[in-house]
Structure formats: C-alpha cells, structure tokens
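Containing compact mmCIF, C-alpha atoms: my_file.txt.
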# COMPACT_ATOMS: atom_id res chain seq x y z
CA MET A 215 37.20 80.33 -9.52
CA ARG A 216 40.36 78.37 -10.28
CA VAL A 217 43.43 79.42 -8.29
CA ARG A 218 46.98 78.26 -7.75
CA GLN A 219 49.27 79.71 -5.08
CA ASN A 220 46.93 82.66 -4.42
CA ALA A 221 46.67 83.60 -8.11
CA LEU A 222 43.94 83.11 -10.68
CA VAL A 223 44.57 80.38 -13.22
CA LEU A 224 44.08 82.04 -16.61
CA GLU A 225 44.03 79.68 -19.59
CA GLN A 226 44.41 80.48 -23.25
CA VAL A 227 41.27 79.78 -25.27
CA SER A 228 40.74 79.82 -28.99
CA GLU A 229 38.05 81.76 -30.81
CA ALA A 230 36.35 78.41 -31.46
CA ASP A 231 36.34 77.61 -27.72
CA ALA A 232 34.81 80.98 -26.91
CA ALA A 233 32.21 80.65 -29.65
CA GLU A 234 31.28 77.14 -28.51
CA ALA A 235 30.77 78.39 -24.94
CA GLY A 236 28.09 80.72 -26.30
CA SER A 237 28.07 83.02 -23.28
CA ALA A 238 31.66 84.27 -23.14
CA VAL A 239 31.92 87.71 -21.50
CA TYR A 240 34.66 90.17 -22.39
CA LEU A 241 36.13 91.52 -19.14
CA GLY A 242 38.77 93.81 -20.62
CA ARG A 243 42.51 93.67 -21.36
CA THR A 244 45.54 93.38 -19.11
CA VAL A 245 47.40 96.66 -18.58
CA ASP A 246 50.92 95.44 -17.73
CA ASP A 247 53.08 92.44 -18.56
CA ASP A 248 52.54 89.87 -15.84
CA GLY A 249 54.57 86.70 -16.00
CA ASP A 250 53.59 84.86 -19.16
CA ILE A 251 50.67 87.19 -19.92
CA ASP A 252 51.48 90.15 -22.15
CA ALA A 253 50.01 93.61 -21.71
CA GLY A 254 46.90 94.01 -23.83
CA THR A 255 45.82 90.38 -23.52
CA PRO A 256 42.00 90.14 -23.61
CA ILE A 257 40.37 88.44 -20.60
CA LEU A 258 37.22 86.40 -21.21
CA LEU A 259 34.83 84.84 -18.73
CA LEU A 260 33.50 81.40 -19.63
CA ALA A 261 31.14 80.68 -16.76
CA SER A 262 30.59 77.12 -15.57
CA ALA A 263 27.46 75.89 -13.83
CA GLU A 264 29.53 73.88 -11.35
CA ALA A 265 33.03 74.01 -9.93
CA GLY A 266 35.49 71.43 -11.18
CA ASP A 267 37.71 69.13 -9.16
CA ASP A 268 40.85 70.21 -7.34
CA ASP A 269 44.06 68.92 -8.90
CA GLU A 270 46.65 67.96 -6.27
CA ARG A 271 49.27 67.31 -8.95
CA THR A 272 49.21 70.87 -10.33
CA GLY A 273 48.05 72.60 -7.14
CA VAL A 274 44.94 74.02 -8.83
CA GLN A 275 41.94 74.56 -6.54
CA TRP A 276 38.37 75.77 -7.01
CA LEU A 277 37.66 78.42 -4.37
CA SER A 278 35.10 81.16 -3.74
CA PRO A 279 36.17 84.81 -4.22
CA ARG A 280 34.40 85.50 -0.90
CA ASP A 281 36.91 83.30 0.92
CA MET A 282 40.20 84.31 -0.60
CA ALA A 283 39.94 87.50 -2.67
CA HIS A 284 42.08 89.30 -0.07
CA LEU A 285 45.00 87.05 -1.01
CA LEU A 286 44.86 87.86 -4.72
CA SER A 287 46.79 90.59 -6.52
CA ASP A 288 44.91 93.78 -7.41
CA ARG A 289 44.55 92.55 -10.98
CA ASP A 290 43.23 89.13 -10.03
CA ALA A 291 40.90 90.51 -7.35
CA GLY A 292 39.43 92.91 -9.92
CA ILE A 293 38.94 90.14 -12.45
CA ALA A 294 37.35 87.84 -9.86
CA SER A 295 34.96 90.53 -8.60
CA GLU A 296 33.85 91.54 -12.08
CA ALA A 297 33.49 87.94 -13.23
CA ALA A 298 31.46 86.89 -10.19
CA ALA A 299 29.06 89.84 -10.57
CA VAL A 300 28.41 89.48 -14.29
CA ALA A 301 28.12 85.69 -14.08
CA ALA A 302 25.47 86.03 -11.36
CA TRP A 303 23.61 88.57 -13.51
CA HIS A 304 23.53 86.20 -16.49
CA ARG A 305 22.23 83.35 -14.30
CA SER A 306 19.35 85.47 -12.98
CA SER A 307 18.48 87.40 -16.15
CA ARG A 308 17.77 84.77 -18.76
CA PHE A 309 14.22 86.00 -19.20
CA CYS A 310 12.93 89.47 -19.95
CA SER A 311 11.48 91.17 -16.87
CA ASN A 312 9.09 93.07 -19.15
CA CYS A 313 7.44 90.22 -21.09
CA GLY A 314 9.03 86.97 -19.93
CA THR A 315 10.66 86.02 -23.23
CA GLU A 316 14.10 84.37 -23.12
CA THR A 317 16.75 86.99 -23.78
CA VAL A 318 19.76 86.87 -26.12
CA VAL A 319 23.33 87.78 -25.12
CA ARG A 320 24.73 90.85 -26.87
CA ASN A 321 27.58 93.40 -26.53
CA ALA A 322 30.25 90.83 -25.61
CA GLY A 323 28.18 89.63 -22.67
CA TRP A 324 27.32 93.05 -21.20
CA MET A 325 23.75 93.19 -22.45
CA ARG A 326 20.83 90.80 -22.86
CA ALA A 327 18.30 91.76 -25.52
CA CYS A 328 14.67 90.68 -25.66
CA PRO A 329 13.75 89.50 -29.18
CA ASN A 330 10.05 89.93 -28.43
CA CYS A 331 9.53 93.39 -26.93
CA GLY A 332 12.90 94.94 -27.78
CA VAL A 333 13.92 95.84 -24.22
CA ASP A 334 17.67 95.81 -23.53
CA HIS A 335 18.81 94.58 -20.12
CA PHE A 336 22.12 95.52 -18.46
CA PRO A 337 23.88 94.42 -15.26
CA ARG A 338 22.65 96.29 -12.20
CA THR A 339 24.37 97.12 -8.91
CA ASP A 340 22.48 97.45 -5.63
CA PRO A 341 23.95 100.12 -3.31
CA ALA A 342 24.18 99.14 0.35
CA VAL A 343 25.49 101.00 3.40
CA ILE A 344 27.62 99.60 6.20
CA VAL A 345 28.26 101.72 9.26
CA ARG A 346 30.87 101.88 12.01
CA ILE A 347 29.16 103.45 15.04
CA VAL A 348 31.40 104.46 17.94
CA HIS A 349 30.83 106.01 21.35
CA ASP A 350 33.20 106.38 24.31
CA ASP A 351 35.84 104.03 22.86
CA ARG A 352 33.26 101.37 22.07
CA ILE A 353 31.91 100.10 18.77
CA LEU A 354 28.34 98.95 18.07
CA LEU A 355 28.08 95.52 16.43
CA GLY A 356 25.16 93.28 15.59
CA SER A 357 24.68 89.55 15.18
CA SER A 358 22.32 88.38 12.44
CA ALA A 359 19.72 85.74 13.18
CA LEU A 360 21.14 83.77 10.22
CA TRP A 361 24.74 83.66 11.50
CA PRO A 362 26.49 81.17 13.76
CA GLU A 363 26.54 82.08 17.45
CA GLY A 364 29.23 84.60 18.32
CA ARG A 365 29.59 86.18 14.89
CA TYR A 366 29.23 89.99 14.90
CA SER A 367 29.62 92.72 12.29
CA LEU A 368 28.75 96.33 11.53
CA LEU A 369 25.14 97.29 10.93
CA ALA A 370 24.27 97.40 7.24
CA GLY A 371 21.40 97.50 4.79
CA PHE A 372 20.31 98.35 1.28
CA VAL A 373 19.51 101.83 0.01
CA GLU A 374 15.80 102.15 -0.78
CA ALA A 375 14.29 103.68 -3.91
CA GLY A 376 14.48 107.48 -3.88
CA GLU A 377 16.72 107.53 -0.81
CA SER A 378 20.09 109.24 -0.43
CA ILE A 379 23.06 107.27 0.91
CA GLU A 380 23.21 109.38 4.07
CA ALA A 381 19.48 108.94 4.71
CA ALA A 382 19.92 105.18 4.31
CA VAL A 383 22.67 105.20 6.95
CA LEU A 384 20.48 106.99 9.48
CA ARG A 385 17.38 104.90 8.72
CA GLU A 386 19.07 101.49 8.76
CA VAL A 387 20.85 102.11 12.03
CA GLU A 388 17.73 103.39 13.78
CA GLU A 389 15.64 100.50 12.43
CA GLU A 390 18.14 97.84 13.49
CA SER A 391 19.35 99.25 16.80
CA GLY A 392 17.16 102.20 17.82
CA MET A 393 20.23 104.43 17.78
CA ARG A 394 20.03 107.94 16.25
CA LEU A 395 23.24 109.18 14.66
CA ALA A 396 24.99 112.46 14.04
CA SER A 397 26.08 113.20 10.46
CA PRO A 398 27.84 110.13 8.99
CA THR A 399 31.26 110.40 7.31
CA TYR A 400 32.11 108.45 4.17
CA LEU A 401 35.04 106.03 4.46
CA GLY A 402 35.21 104.04 1.22
CA SER A 403 33.50 101.41 -0.90
CA GLN A 404 33.84 97.81 -1.99
CA PRO A 405 32.14 95.86 -4.77
CA TRP A 406 30.44 92.84 -3.20
CA PRO A 407 29.39 90.59 -6.09
CA PHE A 408 27.32 88.15 -4.02
CA PRO A 409 25.40 88.70 -6.12
CA ARG A 410 25.60 92.40 -7.12
CA SER A 411 26.06 94.90 -4.31
CA LEU A 412 28.26 97.95 -3.85
CA MET A 413 29.07 98.39 -0.16
CA LEU A 414 29.46 102.01 0.93
CA GLY A 415 31.29 102.32 4.24
CA TYR A 416 30.57 105.08 6.77
CA HIS A 417 31.72 106.21 10.20
CA ALA A 418 29.25 107.81 12.60
CA GLU A 419 28.86 108.81 16.22
CA LEU A 420 25.65 108.99 18.22
CA ALA A 421 23.41 112.04 18.09
CA PRO A 422 24.17 114.36 21.06
CA ASP A 423 20.95 113.48 22.90
CA GLN A 424 21.02 109.73 22.14
CA ASP A 425 21.30 107.43 25.16
CA PRO A 426 23.81 104.68 24.17
CA ASP A 427 22.09 102.19 26.48
CA ALA A 428 18.69 102.62 24.82
CA ILE A 429 19.29 99.86 22.27
CA SER A 430 16.14 98.57 20.61
CA ARG A 431 17.14 95.88 18.13
CA ASP A 432 15.19 94.59 15.16
CA GLU A 433 14.16 91.23 16.60
CA GLU A 434 13.34 89.74 13.19
CA GLU A 435 16.79 90.36 11.67
CA LEU A 436 19.16 90.48 14.63
CA ASP A 437 19.77 88.17 17.57
CA ASP A 438 21.87 90.73 19.38
CA VAL A 439 23.15 94.31 19.18
CA ARG A 440 25.71 95.48 21.72
CA TRP A 441 28.69 97.71 22.40
CA PHE A 442 32.20 96.25 22.42
CA SER A 443 35.46 97.71 23.68
CA ARG A 444 38.76 97.18 21.89
CA GLU A 445 39.92 95.02 24.78
CA GLU A 446 36.94 92.67 24.39
CA LEU A 447 37.50 92.17 20.66
CA LEU A 448 41.29 91.82 20.90
CA ALA A 449 41.34 89.47 23.89
CA SER A 450 42.95 86.11 23.19
CA ASP A 451 39.97 84.33 24.76
CA SER A 452 37.34 86.41 22.94
CA ARG A 453 34.44 84.38 21.63
CA VAL A 454 33.47 87.03 19.09
CA THR A 455 33.95 86.13 15.43
CA LEU A 456 34.44 89.17 13.21
CA PRO A 457 33.79 89.35 9.44
CA GLY A 458 36.28 87.69 7.10
CA PRO A 459 39.34 89.58 5.84
CA THR A 460 37.90 89.96 2.32
CA SER A 461 35.11 92.29 3.49
CA ILE A 462 35.04 96.06 3.90
CA ALA A 463 33.37 95.43 7.26
CA ARG A 464 36.56 93.81 8.58
CA ALA A 465 38.75 96.58 7.16
CA ILE A 466 36.67 99.27 8.86
CA ILE A 467 36.63 97.40 12.17
CA ASP A 468 40.38 96.77 12.00
CA ASP A 469 41.04 100.47 11.43
CA TRP A 470 39.11 101.25 14.61
CA LEU A 471 40.93 98.54 16.55
CA ARG A 472 44.20 100.21 15.57
CA GLY A 473 42.86 103.58 16.71
CA ASP A 474 42.26 104.99 13.22
CA GLU A 475 38.68 106.02 13.87
CA ARG A 476 38.30 108.31 10.86
CA GLN A 477 40.04 106.09 8.29

In structure tokens, what does this structure look like?
Amino acid sequence: MRVRQNALVLEQVSEADAAEAGSAVYLGRTVDDDGDIDAGTPILLLASAEAGDDDERTGVQWLSPRDMAHLLSDRDAGIASEAAAVAAWHRSSRFCSNCGTETVVRNAGWMRACPNCGVDHFPRTDPAVIVRIVHDDRILLGSSALWPEGRYSLLAGFVEAGESIEAAVLREVEEESGMRLASPTYLGSQPWPFPRSLMLGYHAELAPDQDPDAISRDEEELDDVRWFSREELLASDSRVTLPGPTSIARAIIDDWLRGDERQ
C-alpha cells in the first residue's frame, strides 16, 4: 500500500481509469470529512500485481499493512485491512472451485461468477484462535519452527470444520503444548488479512489438575514452548522477540505485562 507520513495515499480516479483497471473493488464511502476528502467519497481498490517505487521527493512509500497498520488512523487501517483481504481473494479465486472455469468479477468486486456452471463465489474468512495462557504470574509462549531464533508468541491455530471456537481453543493448546485448560474467556478479535483470517483472542488458565511443568510440545510445528515471567520479558537484556505491534497477539501480551490479565 502507498503511504505518506503514516497515512494512506488516496488518489482520485476517473470512471475511465476504474473501467480500464477491470477489477476495481468498491470498498465503501467515507463517513466524515477528512482533510481534502469529503464525507461520502467512494473508495475503490485498484490492485497492482507489484509494488511501485518509493518517491523520496514526495515522501510516498510502498509498505505492507502487516508492518505499519498500527500507525494508521482507524479509517485508513480499516481500508487497508479490507483491501488486503479482498485483493488476496481475487488473486486466489480466478478459477471456479467447482468446475475450473475462469470466473468473472461481479457485484463491484465482491463476487466472482462462473459462466460455465453458474456457481457464485464470495470472499471467505477463516476463523482462528489465539490464546493467552497464564499460571502463577507466568505466561505460556511458543516459538514456531519457521521463525527466527528468539521470537515467541501466543499459541494459536485455525478452527476446524464443525468445531466451536471454545473447543478449538482447548484442542489447539493441548495439541501444541500438552496443557489442558479451564474454560477460556473471550478477549476480542482482529481481522488478519494475510490472507483472510479472523483472529479471536482468548484468555485461559490451566485446568485445576494440570501440572504446568508437563509441557509436551508439537515438535513438528514448534521449536520451543515455555513459561515466561513479566521480569524476563521486560528485562532490558531480554533476548525474546515478541510479535509486532500490529497484531492482536502483541496487544494481549502487553495487557498482561501491564497486569491487566482479563482485558
């Protein structure tokens, strides 16, 4: 996405420009007046296959929403999240999953229709759970086998077909760490359009009869699972890298570090 001084760069396009792009997606209209953009201005996504070049003269940069969405205004963060998700869907849904025919864009970019079998395809969101597990003033974090050494985060995973969110929390944690939990408490959610997830955050404590030292990690997915104290994570010489500030994982961890265990 194109940004300047922590704000999206929105450019005026003509109807001819939008028509020539062929795959313009209508994202909605602005609600309030914002600088030189009037309330009610329609916002269109014209996706590009590749990022452009940074412009030092104007200060315009091409950056990933993953890296800097936390610096954007609520409006711009919402636009960036929606645009990233629907653009990823269009890239991966060119062909009908039912018969393999190339699909046609309809409904202002929010549907792809199959001209052969008549099936209509819409953007999908994959629910995923992410869990803050605490015990005796310690938090359980895991390090993925795909991450750089020293990077840790909350345990997480996708909800399976026919599974409730709460059941997914209990299953994922036991599969990845061997820990059995008491009833999890919902904290909040975050769209994570990389490419199309909805992260559902939970807080949980160990089941009454669960030994906290009986960790049994998933050796295929995780290099390490361990308990951390606040002092370890906040130490100036800590070698632990936590998730980036854009993620719900970091927000949930930061709440715990401040002592807000249930927020």

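Counting all atoms listed in the file and comparing A:Trp406, A:Tyr416, A:Trp303, A:Trp276, the residue that lies closest to A:Pro337 is A:Trp303.
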
Requested in this report: Find the residues near stretch 419-433 of chain A: any atom within 6 Å, counting only C-alpha atoms, skip ones fewer than 4 places away on the same chain, and give them as an NGL selection string.
Outcome: :A and (347-348 or 390-392 or 394-396)

Requested in this report: Name all residues at most 8 Å from A:Ala253 (count only C-alpha atoms; drop same-chain ones fewer than 3 positions away) and give them as a ChimeraX atom specification.
Outcome: /A:243-248

Query raised in the report: Separation of atom CA of A:Ala359 and atom CA of A:Asp438, in Å?
Result: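 Distance between the two atoms: 8.2 Å.
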
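Nearest to A:Gln404 of all the residues A:Arg338, A:Arg308, A:Arg464, A:Arg320 is A:Arg464, based on only C-alpha atoms.
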
Query raised in the report: Hey, what's within 12 Å of A:Ser357 if we count only C-alpha atoms and toss same-chain stuff fewer than 2 positions away? As a VMD selection string, please?
Result: chain A and resid 354 to 355 359 to 370 390 to 391 431 to 441 454 to 457

**Report entry** Pick from A:Asn312, A:Ser450, A:Ser306, A:Asn321, whichever lies nearest to A:Pro409 using all atoms listed in the file
**Finding:**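 Nearest candidate to A:Pro409 out of A:Asn312, A:Ser450, A:Ser306, A:Asn321: A:Ser306.
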
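Counting from atom CA of A:Ala221, the distance to atom CA of A:Gly242 is 18.0 Å.
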
Take every atom of stretch 333-351 of chain A listed in the file, pad by 3 Å on each side, and give me the axis-aligned box centre and edge lengths in Å, one decimal, as lines of an AutoDock Vina configuration file.
center_x = 24.9
center_y = 100.4
center_z = 0.0
size_x = 27.9
size_y = 18.0
size_z = 54.5

Requested in this report: Just give me the gap between atom CA of A:Val373 and atom CA of A:Asp281 in Å, one decimal is fine.
Outcome: 25.4 Å

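Across A:Val318, A:Glu380, A:Asp288, A:Thr272, the tightest approach to A:Ser237 is made by A:Val318 when counting all atoms listed in the file.
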
Requested in this report: Excluding A:Ile462 and residues on its chain fewer than 6 positions from it, collect all residues at most 9 Å away from it, counting only C-alpha atoms, and give them as a ChimeraX atom specification.
Outcome: /A:344,402-404,413-415

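The smallest atom-to-atom distance between A:Thr460 and any of A:Pro407, A:Ala322, A:Ala381, A:Val345, using all atoms listed in the file, is found for A:Pro407.
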